[in-house]
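Visitor: The following file, work-v8.txt, comprises compact mmCIF, C-alpha atoms:
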```txt
# COMPACT_ATOMS: atom_id res chain seq x y z
CA MET T 1 -13.46 -6.31 33.13
CA THR T 2 -15.53 -3.28 32.13
CA PRO T 3 -15.79 -2.39 28.47
CA ALA T 4 -13.95 0.71 27.32
CA PRO T 5 -16.01 3.89 27.28
CA GLY T 6 -17.79 4.15 23.96
CA ALA T 7 -17.50 0.43 23.16
CA ASP T 8 -21.26 0.20 22.65
CA VAL T 9 -21.18 3.28 20.41
CA ARG T 10 -18.32 1.70 18.38
CA GLU T 11 -20.33 -1.52 18.06
CA ALA T 12 -23.40 0.33 16.77
CA ALA T 13 -21.26 2.30 14.30
CA ALA T 14 -19.48 -0.83 13.03
CA ARG T 15 -22.75 -2.70 12.44
CA ALA T 16 -24.15 0.29 10.54
CA ALA T 17 -21.03 0.68 8.38
CA PHE T 18 -20.95 -3.01 7.47
CA GLY T 19 -24.61 -2.80 6.49
CA VAL T 20 -23.77 -0.56 3.54
CA PRO T 21 -23.34 -2.38 0.22
CA GLY T 22 -19.82 -1.87 -1.08
CA VAL T 23 -18.07 -1.84 2.31
CA ALA T 24 -15.48 -4.62 2.34
CA ALA T 25 -13.81 -3.98 5.70
CA LEU T 26 -13.01 -1.44 8.34
CA GLN T 27 -9.38 -0.34 8.39
CA PRO T 28 -7.81 -0.42 11.84
CA VAL T 29 -5.77 2.61 12.80
CA LEU T 30 -2.19 2.24 13.98
CA ALA T 31 -3.27 2.24 17.64
CA ASP T 32 -5.52 -0.80 17.01
CA ARG T 33 -2.67 -2.65 15.34
CA LEU T 34 -0.21 -1.85 18.14
CA ALA T 35 -2.70 -2.94 20.79
CA ALA T 36 -3.28 -6.24 18.96
CA ALA T 37 0.48 -6.83 18.68
CA ALA T 38 1.00 -6.04 22.36
CA PHE T 39 -1.79 -8.44 23.30
CA ARG T 40 -0.17 -11.25 21.31
CA VAL T 41 3.21 -10.58 22.92
CA ARG T 42 1.72 -10.47 26.41
CA ARG T 43 -0.27 -13.68 25.87
CA GLY T 44 2.51 -15.50 24.06
CA VAL T 45 0.94 -16.48 20.77
CA GLY T 46 -2.50 -16.57 19.30
CA ALA T 47 -4.99 -14.20 17.86
CA ALA T 48 -5.58 -10.71 19.06
CA PRO T 49 -8.84 -9.98 20.83
CA ARG T 50 -11.69 -9.06 18.54
CA SER T 51 -12.46 -5.39 18.83
CA ALA T 52 -16.00 -4.11 18.70
CA GLY T 53 -15.00 -1.80 15.91
CA PRO T 54 -11.53 -1.71 14.44
CA GLY T 55 -11.53 1.20 12.07
CA ILE T 56 -14.04 3.04 14.24
CA ARG T 57 -12.91 5.75 16.59
CA VAL T 58 -15.37 7.47 18.92
CA GLU T 59 -14.97 10.45 21.20
CA PRO T 60 -17.54 11.98 23.50
CA VAL T 61 -18.07 15.66 22.80
CA PRO T 62 -17.76 17.81 25.94
CA GLY T 63 -21.27 18.55 27.12
CA SER T 64 -23.16 15.99 25.04
CA GLY T 65 -23.00 13.99 21.86
CA TRP T 66 -20.30 12.02 20.08
CA HIS T 67 -17.84 12.34 17.23
CA VAL T 68 -17.39 9.12 15.22
CA GLU T 69 -14.58 8.47 12.74
CA VAL T 70 -14.97 5.56 10.30
CA ARG T 71 -12.07 4.24 8.19
CA CYS T 72 -13.31 1.81 5.57
CA VAL T 73 -12.13 -0.30 2.66
CA LEU T 74 -14.55 -0.53 -0.27
CA HIS T 75 -15.20 -3.01 -3.03
CA GLU T 76 -14.50 -1.79 -6.53
CA GLY T 77 -17.51 -0.95 -8.66
CA GLY T 78 -19.59 1.58 -6.75
CA ARG T 79 -19.17 5.33 -6.68
CA VAL T 80 -16.91 5.98 -3.72
CA VAL T 81 -18.65 9.22 -2.78
CA ASP T 82 -22.07 7.53 -2.74
CA VAL T 83 -20.88 4.65 -0.56
CA ALA T 84 -19.09 7.03 1.83
CA ARG T 85 -22.22 9.20 2.15
CA GLN T 86 -24.35 6.15 2.86
CA VAL T 87 -21.87 4.97 5.52
CA ARG T 88 -21.97 8.42 7.12
CA GLU T 89 -25.77 8.54 7.19
CA ASN T 90 -26.18 4.95 8.42
CA VAL T 91 -23.62 5.42 11.19
CA ARG T 92 -25.13 8.74 12.28
CA ALA T 93 -28.62 7.21 12.42
CA ALA T 94 -27.48 4.06 14.26
CA VAL T 95 -25.44 5.92 16.88
CA SER T 96 -28.20 8.50 17.42
CA THR T 97 -30.76 5.72 17.90
CA HIS T 98 -28.45 3.91 20.30
CA LEU T 99 -27.89 7.07 22.36
CA ILE T 100 -31.61 7.78 22.53
CA ARG T 101 -32.25 4.21 23.78
CA GLU T 102 -29.55 4.71 26.42
CA GLY T 103 -31.17 7.95 27.53
CA SER T 104 -28.30 10.20 26.48
CA PRO T 105 -29.31 11.80 23.19
CA GLY T 106 -27.04 14.37 21.68
CA PRO T 107 -25.60 15.47 18.38
CA VAL T 108 -23.55 12.92 16.45
CA THR T 109 -20.95 13.94 13.89
CA VAL T 110 -19.44 11.34 11.58
CA ARG T 111 -16.31 11.51 9.41
CA VAL T 112 -15.77 8.75 6.85
CA THR T 113 -12.37 8.08 5.29
CA VAL T 114 -11.98 5.57 2.48
CA THR T 115 -8.53 4.05 2.88
CA ARG T 116 -8.52 1.59 0.00
CA ILE T 117 -10.55 0.11 -2.82
CA LEU T 118 -10.35 -3.65 -3.38
CA ALA T 119 -10.28 -4.85 -6.96
CA ASP T 120 -12.90 -7.54 -7.45
CA GLY T 121 -11.59 -10.60 -9.12
```
Would you kindly transcribe this structure into structure tokens?

Guide:
Amino acid sequence: MTPAPGADVREAAARAAFGVPGVAALQPVLADRLAAAAFRVRRGVGAAPRSAGPGIRVEPVPGSGWHVEVRCVLHEGGRVVDVARQVRENVRAAVSTHLIREGSPGPVTVRVTVTRILADG
């Protein structure tokens, strides 16, 4: 089975996002949740397959480059805007580096959406 296009880009983005202090989780979009539910139904019972990056959506830009969307849940305590900016910069740098290593450099745009803040305690 071949990985979905962009799976390696999603993986690089997810690692970069989780590397930012204050990020608690990545929020799966509805499509991720439906796919996981369908997998469980098809297989009977059990856990859904682990995705390389739930909460990460990637799209190749026609011509060259990628657009990356990150949906994250943060821990309470930090400035949301600072954490979101750091996620954006880390993801952009990680995906750009990955693309250069793969021999397909191009512009990378990143959109970060904070979906929730978890109260510590």

Visitor: Kindly indicate which residue among T:Val108, T:Gly6, T:Gly22, T:Ile117 lies nearest to Ala94 of chain T, using all atoms listed in the file for the distances.

Guide: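 Closest candidate: T:Val108.
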
Visitor: If I put a ball of radius 6 Å at (-15.8, 11.7, 12.5) in the file's coordinates, which residues poke into it when counting all atoms listed in the file, written as a list in words?

Guide: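 Residues with an atom close enough to that point: His67, Val68, Glu69, Thr109, Val110 and Arg111 of chain T.
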
Visitor: Using only C-alpha atoms, can you tell me which of T:Val61, T:Val81, T:Ile56, T:Val112 comes closest to Ala7 of chain T?

Guide: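 Of the candidates, the smallest distance to Ala7 of chain T is held by T:Ile56.
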
Visitor: Can you tell me, as a list in words, what residues are no more than 10 Å from Val9 of chain T when counting only C-alpha atoms, ignoring any on the same chain fewer than 6 positions away?

Guide: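 Contacts, with the query itself left out: Ala52, Gly53, Ile56, Arg57, Val58, Glu59, Pro60, Trp66, Val68, Val91, Ala94, Val95, Ser96, His98 and Leu99 of chain T.
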
Visitor: Ranking T:Cys72, T:Ala25, T:Val87, T:Ala14 by minimum distance to Val114 of chain T and counting all atoms listed in the file, which one comes first?

Guide: T:Cys72

Visitor: Can you measure atom CA of Glu89 of chain T to atom CA of Leu118 of chain T for me? One decimal in Å is fine.

Guide: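 Going from atom CA of Glu89 of chain T over to atom CA of Leu118 of chain T covers 22.3 Å.
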
Visitor: What gap, in Å, lies between atom CA of Gly78 of chain T and atom CA of Thr97 of chain T?

Guide: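 Separation of atom CA of Gly78 of chain T and atom CA of Thr97 of chain T: 27.4 Å.
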
Visitor: Ranking T:Pro28, T:Gly77, T:Pro107, T:Gly19 by minimum distance to Gly55 of chain T and counting only C-alpha atoms, which one comes first?

Guide: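 Closest candidate: T:Pro28.
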
Visitor: For a quick check of understanding, using all atoms listed in the file, which of T:Pro54, T:Glu76, T:Val70, T:Ser64 has the smallest distance to Asn90 of chain T?

Guide: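 The shortest atom-to-atom distance to Asn90 of chain T comes from T:Val70.
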
Visitor: For atom CA of Arg116 of chain T and atom CA of Val73 of chain T, determine how far apart the two atoms are, in Å to one decimal place.

Guide: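 Between atom CA of Arg116 of chain T and atom CA of Val73 of chain T the gap works out to 4.9 Å.
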
Visitor: Using all atoms listed in the file, find the one residue out of T:His75, T:Gly63, T:Arg15, T:Arg10 that sits nearest to Asp120 of chain T.

Guide: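 Nearest to Asp120 of chain T: T:His75.
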